[in-house]
Amino acid sequence: MNRNFLMKTLAIAAAAFFLSALSAYAIQTTVIDLGDKTTEYVQIGYSNNPKLENLEYWFSKNGITDTDGSALNPIADQSQAELFYTDSARQYEVEYLGVGYAAYHSPFGVFTYNGNPYEKFDKTKMTYYTPLFVQNEVAENTTYTFNVAANTYFGFYLDSNGKGTKLTTMVANNPKPYSSSHVQNKADYIQGFDNAMMFATNKGYTIAFEDIVGAGDADWEDLMVNFKPTDNSGFASNSNNSTPEPATMILMGIGLIGLAGFKKYRKN
């Protein structure tokens, strides 16, 4: 076999490895935790209908589990996430799972936060976009897609019964709880009420909303959705968004060597 042809073939193959490594290392959507430590105690069973006040029922019905495949616990498995961040333009999908004990018709949609979320919260930095759907007005398991621009912080809102009060994933934006009977730990809510409970699951992130201003009945099954990027790039926490996996590093190393060889071949 001609030596020059062999060198050229190996160099091109190595370069292809390099390009595949770059595509494999897609920057994930960052999950933003702003320091909220309050546990949400879910009310279950006050109407004697577990289908209506039981997040575990909805998890099971939709095949939602913890990331390790175990059953999801509404209290122990809570994520304290409030926002998401993408450094590149990306499309996302929301799947509407349904509602339990809820009579409201609340528009659900996406907001962006146009400031630094780690600094003091500024309500004027919130931008709300056209709702994706209205609670109680759409079939279960309907999916919706939306696009987010590069370098954007974003989250989700529920316009409580369509009357203008936006209850969001960003705790500081929400009113403090004043429900007289259903919130067990009102004193723990220093910034605002966590109207959107999040869970890292086998389907991305599952979000469960309490739709009443002031916390209402605190059952968090007034609207439930699954959320994920359509490119299947997944999610990363605040701290580990920039570390490639070892296998990716090896591929990139092979590719760099190949590119160097290809450059030397062309020079010769």
# chains A, B, ... in the order shown; residues from 1 in each chain; ligands from 1
$ residues_around --residues "A:Glu221" --least-positions-apart "2" --cutoff "12 Å" --atoms "only C-alpha atoms" --output "ChimeraX atom specification"
/A:42-44,50-59,74,97-103,135,195-198,206-212,216-219,223-225
$ write_last_selection --atoms "C-alpha atoms" --output "short mmCIF file (atom, residue, chain, number, x, y, z; two decimals), in the first residue's frame"
data_model
loop_
_atom_site.label_atom_id
_atom_site.label_comp_id
_atom_site.auth_asym_id
_atom_site.auth_seq_id
_atom_site.Cartn_x
_atom_site.Cartn_y
_atom_site.Cartn_z
CA VAL A 42 -47.09 18.28 50.13
CA GLN A 43 -50.68 18.02 51.38
CA ILE A 44 -52.25 14.69 50.43
CA PRO A 50 -55.74 10.14 46.31
CA LYS A 51 -55.94 10.66 42.53
CA LEU A 52 -56.61 14.34 43.13
CA GLU A 53 -54.02 15.06 45.80
CA ASN A 54 -51.18 12.69 45.23
CA LEU A 55 -48.12 13.55 43.17
CA GLU A 56 -46.98 9.94 43.40
CA TYR A 57 -50.11 8.90 41.48
CA TRP A 58 -49.16 11.22 38.63
CA PHE A 59 -45.52 10.11 38.68
CA PRO A 74 -42.36 14.18 46.52
CA LEU A 97 -49.11 15.73 32.21
CA GLY A 98 -52.40 16.91 33.68
CA VAL A 99 -54.00 18.42 36.77
CA GLY A 100 -55.37 16.89 39.94
CA TYR A 101 -57.44 18.99 42.34
CA ALA A 102 -57.60 22.26 40.39
CA ALA A 103 -60.47 24.31 38.99
CA GLN A 135 -54.36 24.70 32.50
CA ASN A 195 -45.08 27.59 43.74
CA ALA A 196 -43.15 25.30 41.39
CA MET A 197 -41.67 22.13 42.82
CA MET A 198 -38.97 20.58 40.60
CA THR A 206 -40.64 17.26 36.14
CA ILE A 207 -42.29 20.42 37.48
CA ALA A 208 -45.38 20.49 39.71
CA PHE A 209 -47.23 23.76 40.37
CA GLU A 210 -49.38 25.09 43.19
CA ASP A 211 -51.68 27.50 41.33
CA ILE A 212 -53.22 29.59 44.13
CA GLY A 216 -53.72 27.79 48.67
CA ASP A 217 -54.03 24.10 49.50
CA ALA A 218 -50.31 23.37 49.01
CA ASP A 219 -50.80 20.16 47.05
CA LEU A 223 -50.42 21.49 36.88
CA MET A 224 -47.62 19.05 36.07
CA VAL A 225 -45.19 19.03 33.15
#
$ select_by_dssp --residues "stretch 128-215 of chain A" --states "strand (DSSP E)" --output "count of residues only"
32
$ closest_residue --among "A:Met126, A:Thr38, A:Glu119, A:Val94" --to "A:Ile75" --atoms "only C-alpha atoms"
A:Thr38
$ residues_around --residues "stretch 162-175 of chain A" --least-positions-apart "6" --cutoff "10 Å" --atoms "only C-alpha atoms" --output "number ranges by chain"
A: 32-34, 36, 80-84, 104-111, 113, 117, 120-123, 126, 128, 134-135, 154-156, 189-198, 207-215
$ select_by_dssp --residues "stretch 60-210 of chain A" --states "helix (DSSP H, G or I)" --output "PyMOL selection string"
chain A and resi 60-61+123-125+160-162+171-173+186-188
$ write_last_selection --atoms "N, CA and C atoms" --output "PDB file, in the first residue's frame"
ATOM      1  N   SER A  60     -46.399   7.853  38.836  1.00  0.00           N
ATOM      2  CA  SER A  60     -46.584   6.466  38.411  1.00  0.00           C
ATOM      3  C   SER A  60     -47.344   6.393  37.094  1.00  0.00           C
ATOM      4  N   LYS A  61     -48.394   7.183  36.962  1.00  0.00           N
ATOM      5  CA  LYS A  61     -49.226   7.166  35.755  1.00  0.00           C
ATOM      6  C   LYS A  61     -48.420   7.496  34.508  1.00  0.00           C
ATOM      7  N   LYS A 123     -37.529  42.551  39.887  1.00  0.00           N
ATOM      8  CA  LYS A 123     -38.738  42.157  39.167  1.00  0.00           C
ATOM      9  C   LYS A 123     -38.783  42.729  37.755  1.00  0.00           C
ATOM     10  N   THR A 124     -38.126  43.875  37.539  1.00  0.00           N
ATOM     11  CA  THR A 124     -38.156  44.484  36.209  1.00  0.00           C
ATOM     12  C   THR A 124     -37.343  43.691  35.184  1.00  0.00           C
ATOM     13  N   LYS A 125     -36.550  42.754  35.656  1.00  0.00           N
ATOM     14  CA  LYS A 125     -35.738  41.926  34.754  1.00  0.00           C
ATOM     15  C   LYS A 125     -36.514  40.719  34.217  1.00  0.00           C
ATOM     16  N   SER A 160     -51.954  32.881  37.622  1.00  0.00           N
ATOM     17  CA  SER A 160     -52.982  32.311  38.488  1.00  0.00           C
ATOM     18  C   SER A 160     -54.395  32.686  38.037  1.00  0.00           C
ATOM     19  N   ASN A 161     -55.096  31.707  37.500  1.00  0.00           N
ATOM     20  CA  ASN A 161     -56.468  31.835  36.982  1.00  0.00           C
ATOM     21  C   ASN A 161     -56.583  32.939  35.935  1.00  0.00           C
ATOM     22  N   GLY A 162     -55.453  33.256  35.290  1.00  0.00           N
ATOM     23  CA  GLY A 162     -55.456  34.255  34.223  1.00  0.00           C
ATOM     24  C   GLY A 162     -55.715  35.664  34.684  1.00  0.00           C
ATOM     25  N   VAL A 171     -38.308  31.756  43.105  1.00  0.00           N
ATOM     26  CA  VAL A 171     -38.980  31.924  44.394  1.00  0.00           C
ATOM     27  C   VAL A 171     -39.133  33.392  44.797  1.00  0.00           C
ATOM     28  N   ALA A 172     -38.100  34.198  44.610  1.00  0.00           N
ATOM     29  CA  ALA A 172     -38.137  35.589  45.054  1.00  0.00           C
ATOM     30  C   ALA A 172     -39.206  36.399  44.331  1.00  0.00           C
ATOM     31  N   ASN A 173     -39.683  35.911  43.195  1.00  0.00           N
ATOM     32  CA  ASN A 173     -40.711  36.615  42.446  1.00  0.00           C
ATOM     33  C   ASN A 173     -42.109  36.380  43.017  1.00  0.00           C
ATOM     34  N   LYS A 186     -44.815  28.035  57.257  1.00  0.00           N
ATOM     35  CA  LYS A 186     -44.831  29.363  56.625  1.00  0.00           C
ATOM     36  C   LYS A 186     -43.612  30.204  56.995  1.00  0.00           C
ATOM     37  N   ALA A 187     -43.123  30.059  58.210  1.00  0.00           N
ATOM     38  CA  ALA A 187     -41.991  30.880  58.661  1.00  0.00           C
ATOM     39  C   ALA A 187     -40.708  30.570  57.894  1.00  0.00           C
ATOM     40  N   ASP A 188     -40.636  29.397  57.270  1.00  0.00           N
ATOM     41  CA  ASP A 188     -39.430  29.013  56.532  1.00  0.00           C
ATOM     42  C   ASP A 188     -39.305  29.741  55.197  1.00  0.00           C
TER      43      ASP A 188
END
$ atom_distance --atom1 "atom CA of A:Thr201" --atom2 "atom CA of A:Ser88"
23.2 Å
$ closest_residue --among "A:Asn62, A:Asn238, A:Ser70, A:Thr39" --to "A:Glu140" --atoms "only C-alpha atoms"
A:Asn62
$ closest_residue --among "A:Ala76, A:Ala200, A:Ile27, A:Ala89" --to "A:Phe146" --atoms "only C-alpha atoms"
A:Ala89
$ residues_around --residues "A:Asp68" --least-positions-apart "2" --cutoff "12 Å" --atoms "only C-alpha atoms" --output "count of residues only"
11
$ atom_distance --atom1 "atom CA of A:Phe235" --atom2 "atom CA of A:Tyr153"
13.7 Å
